[in-house]
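Enquirer: Below is one structure. I have some questions about it.
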Amino acid sequence: MHLLSVNVGRPRPEEYAGSPSGTTGIHKEPVDGPVRVTDPGPRGQGGSGLDGDAVCDLRHHGGSDQAVYAYAREDLDGWEHDLGRPLPSGSFGENLTTSGIDLNEALIGERWRIGPDVLLEITSGRIPCRTFQARLGEPGWVKRFTRQATTGVYLRVLAPGEIRTGDQLSVAHRPDHGVTASLAFRAVTLERELLPRILPAADALHAEALRLAREYVARLNDRTTPGS
């Protein structure tokens, strides 16, 4: 398991950009040298966890729970086949293009060691947006990506350091709750009935997903409480 590519994006003006500035950082490109990885801070204040990587819409992207985005080369290859077009590393706006690890079966709270210092923790899958659809130029992409549920993973930074293309990736910790990134994604998108099943991962779960799960369970309890 290793990093096939480390990718960063500069601010770029686009008509489809959803940020107030009219720019987007979704156009990621591989970089050769080491990249510093740190916790960017809370949503709305911090952007990307990678130095030199732009997050232009802080309302919906970036922050500690979405500091780093990883997507598997194997899943990109599957989309290349389905779409009939090349998808270079970074095409999905991912910071890390991985090889040799099944991200769909990776667990919420799973921790990755990359290089000598960096420790990352999985928080969620990636919810697609209109900017992602416009970047790819595929009509109906948001719905198609959501149905497929090969979402990649967002990660928070537990220990900072430098990473580079070719670094080995090892799983330093794997929880025993069985809540995969794919399950969590399906629960917060098309299969809300799955929300109670992601609560065992509450300690590591993305804050928004945790809120949705707790509210869903509270509504269920209200409906089953006598006299409610």
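Simple scheme: letters A, B, ... for chains in structure tokens order, numbers from 1 for residues in each chain, numbers from 1 for ligands in the order shown.
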Find the spatial neighbours of segment 76-84 of chain A, counting only C-alpha atoms, within a cut-off of 9 Å - ignore same-chain residues fewer than 6 positions away - and output them as a list in words.
Expert: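 Listed by chain and then number, they are Ser91, Phe92 and Glu138 of chain A.
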Enquirer: Okay, now the selection with N, CA, C and O atoms, as a tab-separated table (two decimals), in the first residue's frame?
Expert:
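Result went into out-v1.tsv, see below:
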chain	number	residue	atom	x	y	z
A	91	SER	N	-7.73	13.61	-10.74
A	91	SER	CA	-8.92	13.96	-11.53
A	91	SER	C	-10.17	14.17	-10.69
A	91	SER	O	-11.06	14.94	-11.06
A	92	PHE	N	-10.26	13.48	-9.56
A	92	PHE	CA	-11.44	13.61	-8.71
A	92	PHE	C	-11.21	14.65	-7.61
A	92	PHE	O	-11.99	14.73	-6.66
A	138	GLU	N	-19.59	15.60	-16.84
A	138	GLU	CA	-20.45	14.43	-17.03
A	138	GLU	C	-21.85	14.76	-16.53
A	138	GLU	O	-22.07	14.92	-15.33
Enquirer: Please, which residues of segment 27-226 of chain A, numbered as in this document, come out helix (DSSP H, G or I) from DSSP, as a PyMOL selection string?
Expert: chain A and resi 64-66+73-83+130-136+141-148+181-188+192-201+207-224
Enquirer: Near Gln168 of chain A, within 8 Å and counting only C-alpha atoms, which residues show up once chain neighbours fewer than 3 positions away are dropped, as a VMD selection string?
Expert: chain A and resid 1 to 3 114 to 115
Enquirer: If I take atom CA of Pro42 of chain A and atom CA of Ala134 of chain A, how far is one from the other in Å, to one decimal?
Expert: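 Interatomic distance, atom CA of Pro42 of chain A to atom CA of Ala134 of chain A: 27.0 Å.
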Enquirer: Between A:Glu105, A:Glu94, A:Asp39, A:Asp57, which is the closest to Gly178 of chain A once you count only C-alpha atoms?
Expert: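 Going through A:Glu105, A:Glu94, A:Asp39, A:Asp57 one by one, the smallest distance to Gly178 of chain A is for A:Glu105.
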Enquirer: Atom CA of Asn104 of chain A and atom CA of Gly166 of chain A, how far apart in Å?
Expert: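 Answer for the atom CA of Gly166 of chain A to atom CA of Asn104 of chain A separation: 21.4 Å.
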Enquirer: Would you kindly return, as an mmCIF file with all heavy atoms, in the first residue's frame, each protein, DNA or RNA residue with an atom no farther than 8 Å from any atom of Leu205 of chain A, considering only C-alpha atoms and excluding same-chain residues fewer than 5 positions away?
Expert:
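Final output, saved to result_7.cif:
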data_model
loop_
_atom_site.group_PDB
_atom_site.id
_atom_site.type_symbol
_atom_site.label_atom_id
_atom_site.label_comp_id
_atom_site.auth_asym_id
_atom_site.auth_seq_id
_atom_site.Cartn_x
_atom_site.Cartn_y
_atom_site.Cartn_z
ATOM 1 N N ILE A 108 -14.411 3.873 9.287
ATOM 2 C CA ILE A 108 -14.396 5.151 9.984
ATOM 3 C C ILE A 108 -13.545 4.976 11.253
ATOM 4 O O ILE A 108 -13.738 4.030 12.019
ATOM 5 C CB ILE A 108 -15.826 5.588 10.356
ATOM 6 C CG1 ILE A 108 -16.703 5.684 9.112
ATOM 7 C CG2 ILE A 108 -15.783 6.911 11.124
ATOM 8 C CD1 ILE A 108 -16.240 6.706 8.095
ATOM 9 N N GLY A 109 -12.605 5.881 11.461
ATOM 10 C CA GLY A 109 -11.707 5.762 12.601
ATOM 11 C C GLY A 109 -10.444 4.970 12.322
ATOM 12 O O GLY A 109 -9.549 4.896 13.180
ATOM 13 N N ILE A 122 -9.612 8.292 9.225
ATOM 14 C CA ILE A 122 -10.758 8.384 8.318
ATOM 15 C C ILE A 122 -11.992 8.875 9.067
ATOM 16 O O ILE A 122 -12.324 8.378 10.145
ATOM 17 C CB ILE A 122 -11.039 7.019 7.674
ATOM 18 C CG1 ILE A 122 -9.865 6.592 6.778
ATOM 19 C CG2 ILE A 122 -12.337 7.054 6.864
ATOM 20 C CD1 ILE A 122 -9.985 5.200 6.218
ATOM 21 N N THR A 123 -12.676 9.861 8.447
ATOM 22 C CA THR A 123 -13.880 10.432 9.055
ATOM 23 C C THR A 123 -15.150 10.153 8.261
ATOM 24 O O THR A 123 -16.235 10.108 8.846
ATOM 25 C CB THR A 123 -13.744 11.957 9.193
ATOM 26 O OG1 THR A 123 -13.689 12.558 7.880
ATOM 27 C CG2 THR A 123 -12.495 12.333 9.963
ATOM 28 N N SER A 124 -15.052 9.996 6.944
ATOM 29 C CA SER A 124 -16.261 9.884 6.117
ATOM 30 C C SER A 124 -15.894 9.600 4.675
ATOM 31 O O SER A 124 -14.721 9.662 4.286
ATOM 32 C CB SER A 124 -17.065 11.194 6.175
ATOM 33 O OG SER A 124 -16.363 12.239 5.527
ATOM 34 N N LEU A 210 -22.415 12.548 12.111
ATOM 35 C CA LEU A 210 -22.810 12.207 13.475
ATOM 36 C C LEU A 210 -24.089 12.945 13.867
ATOM 37 O O LEU A 210 -24.988 12.363 14.481
ATOM 38 C CB LEU A 210 -21.676 12.553 14.438
ATOM 39 C CG LEU A 210 -21.919 12.255 15.917
ATOM 40 C CD1 LEU A 210 -22.248 10.793 16.144
ATOM 41 C CD2 LEU A 210 -20.704 12.674 16.748
#
Enquirer: Counting only C-alpha atoms, figure out which residue out of A:Val68, A:Cys56, A:Val217, A:Ala209 gets nearest to Tyr154 of chain A.
Expert: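 For Tyr154 of chain A, the nearest of the candidates is A:Val68.
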Enquirer: Quick one: DSSP strand (DSSP E) residues in segment 25-77 of chain A, as a PyMOL selection string?
Expert: chain A and resi 29-30+35-37+68-72
Enquirer: Convert the current residue selection to file output with N, CA, C and O atoms, as an mmCIF file, in the first residue's frame.
Expert:
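Contents of part_12.cif, freshly written:
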data_model
loop_
_atom_site.group_PDB
_atom_site.id
_atom_site.type_symbol
_atom_site.label_atom_id
_atom_site.label_comp_id
_atom_site.auth_asym_id
_atom_site.auth_seq_id
_atom_site.Cartn_x
_atom_site.Cartn_y
_atom_site.Cartn_z
ATOM 1 N N GLU A 29 -3.123 18.610 -9.153
ATOM 2 C CA GLU A 29 -2.046 18.073 -9.978
ATOM 3 C C GLU A 29 -0.967 17.471 -9.082
ATOM 4 O O GLU A 29 -0.708 17.986 -7.987
ATOM 5 N N PRO A 30 -0.333 16.385 -9.540
ATOM 6 C CA PRO A 30 0.723 15.762 -8.740
ATOM 7 C C PRO A 30 1.911 16.691 -8.526
ATOM 8 O O PRO A 30 2.241 17.507 -9.380
ATOM 9 N N VAL A 35 5.425 17.386 0.792
ATOM 10 C CA VAL A 35 4.327 18.298 1.098
ATOM 11 C C VAL A 35 4.050 18.210 2.595
ATOM 12 O O VAL A 35 3.878 17.119 3.146
ATOM 13 N N ARG A 36 3.976 19.347 3.237
ATOM 14 C CA ARG A 36 3.681 19.405 4.664
ATOM 15 C C ARG A 36 2.202 19.167 4.891
ATOM 16 O O ARG A 36 1.344 19.743 4.200
ATOM 17 N N VAL A 37 1.869 18.323 5.869
ATOM 18 C CA VAL A 37 0.487 18.007 6.206
ATOM 19 C C VAL A 37 0.239 18.399 7.663
ATOM 20 O O VAL A 37 0.977 17.969 8.563
ATOM 21 N N VAL A 68 -7.896 16.065 4.440
ATOM 22 C CA VAL A 68 -7.216 15.344 3.359
ATOM 23 C C VAL A 68 -8.249 14.451 2.676
ATOM 24 O O VAL A 68 -9.069 13.808 3.344
ATOM 25 N N TYR A 69 -8.204 14.414 1.337
ATOM 26 C CA TYR A 69 -9.104 13.535 0.592
ATOM 27 C C TYR A 69 -8.285 12.524 -0.184
ATOM 28 O O TYR A 69 -7.346 12.885 -0.911
ATOM 29 N N ALA A 70 -8.615 11.240 -0.029
ATOM 30 C CA ALA A 70 -7.902 10.157 -0.709
ATOM 31 C C ALA A 70 -8.861 9.394 -1.619
ATOM 32 O O ALA A 70 -10.017 9.147 -1.257
ATOM 33 N N TYR A 71 -8.349 9.020 -2.787
ATOM 34 C CA TYR A 71 -9.129 8.198 -3.716
ATOM 35 C C TYR A 71 -8.207 7.127 -4.286
ATOM 36 O O TYR A 71 -7.028 7.377 -4.563
ATOM 37 N N ALA A 72 -8.752 5.934 -4.470
ATOM 38 C CA ALA A 72 -7.947 4.793 -4.902
ATOM 39 C C ALA A 72 -7.754 4.782 -6.417
ATOM 40 O O ALA A 72 -8.716 4.992 -7.169
#
Enquirer: I'd like the neighbourhood of Glu14 of chain A as a list in words, where a residue qualifies if any of its atoms comes within 8 Å (using only C-alpha atoms), though same-chain residues fewer than 3 positions away should be ignored.
Expert: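 Once the adjacent positions are removed, what remains is Ala17, Gly22, Thr23 and Thr24 of chain A.
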Enquirer: Skipping near chain neighbours, those fewer than 4 positions away, what residues fall within 12 Å of Arg144 of chain A using only C-alpha atoms, listed as an MDAnalysis selection string?
Expert: chainID A and resid 79 82:83 127:129 132:133 138:140 148:151 190
Enquirer: Of the candidates A:Ile101, A:Leu136, A:Val8, A:Ala159, which one gets nearest to Pro116 of chain A if we count only C-alpha atoms?
Expert: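 Counting only C-alpha atoms, the residue closest to Pro116 of chain A is A:Ala159.
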Enquirer: With only C-alpha atoms as the basis for distance, which of A:Pro40, A:Pro175, A:Pro34, A:Ala204 is at the shortest distance from Gly62 of chain A?
Expert: A:Pro40
Enquirer: Fewer than 4 positions away in the same chain doesn't count, so skip those; otherwise give me all residues within 8 Å of Glu110 of chain A, counting only C-alpha atoms, as a ChimeraX atom specification.
Expert: /A:106,121-122,171-175
Enquirer: Take the residues from that selection and put them in a file with C-alpha atoms, as a PDB file, in the first residue's frame.
Expert:
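As a result, again02.pdb now contains:
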ATOM      1  CA  ALA A 106     -11.810   1.125   5.019  1.00  0.00           C
ATOM      2  CA  GLU A 121      -7.796   9.145  10.594  1.00  0.00           C
ATOM      3  CA  ILE A 122     -10.758   8.384   8.318  1.00  0.00           C
ATOM      4  CA  VAL A 171      -2.832   0.842   8.760  1.00  0.00           C
ATOM      5  CA  ALA A 172      -1.802   1.775  12.292  1.00  0.00           C
ATOM      6  CA  HIS A 173      -5.217   1.146  13.849  1.00  0.00           C
ATOM      7  CA  ARG A 174      -8.401  -0.522  12.624  1.00  0.00           C
ATOM      8  CA  PRO A 175     -11.503  -0.287  14.847  1.00  0.00           C
TER       9      PRO A 175
END
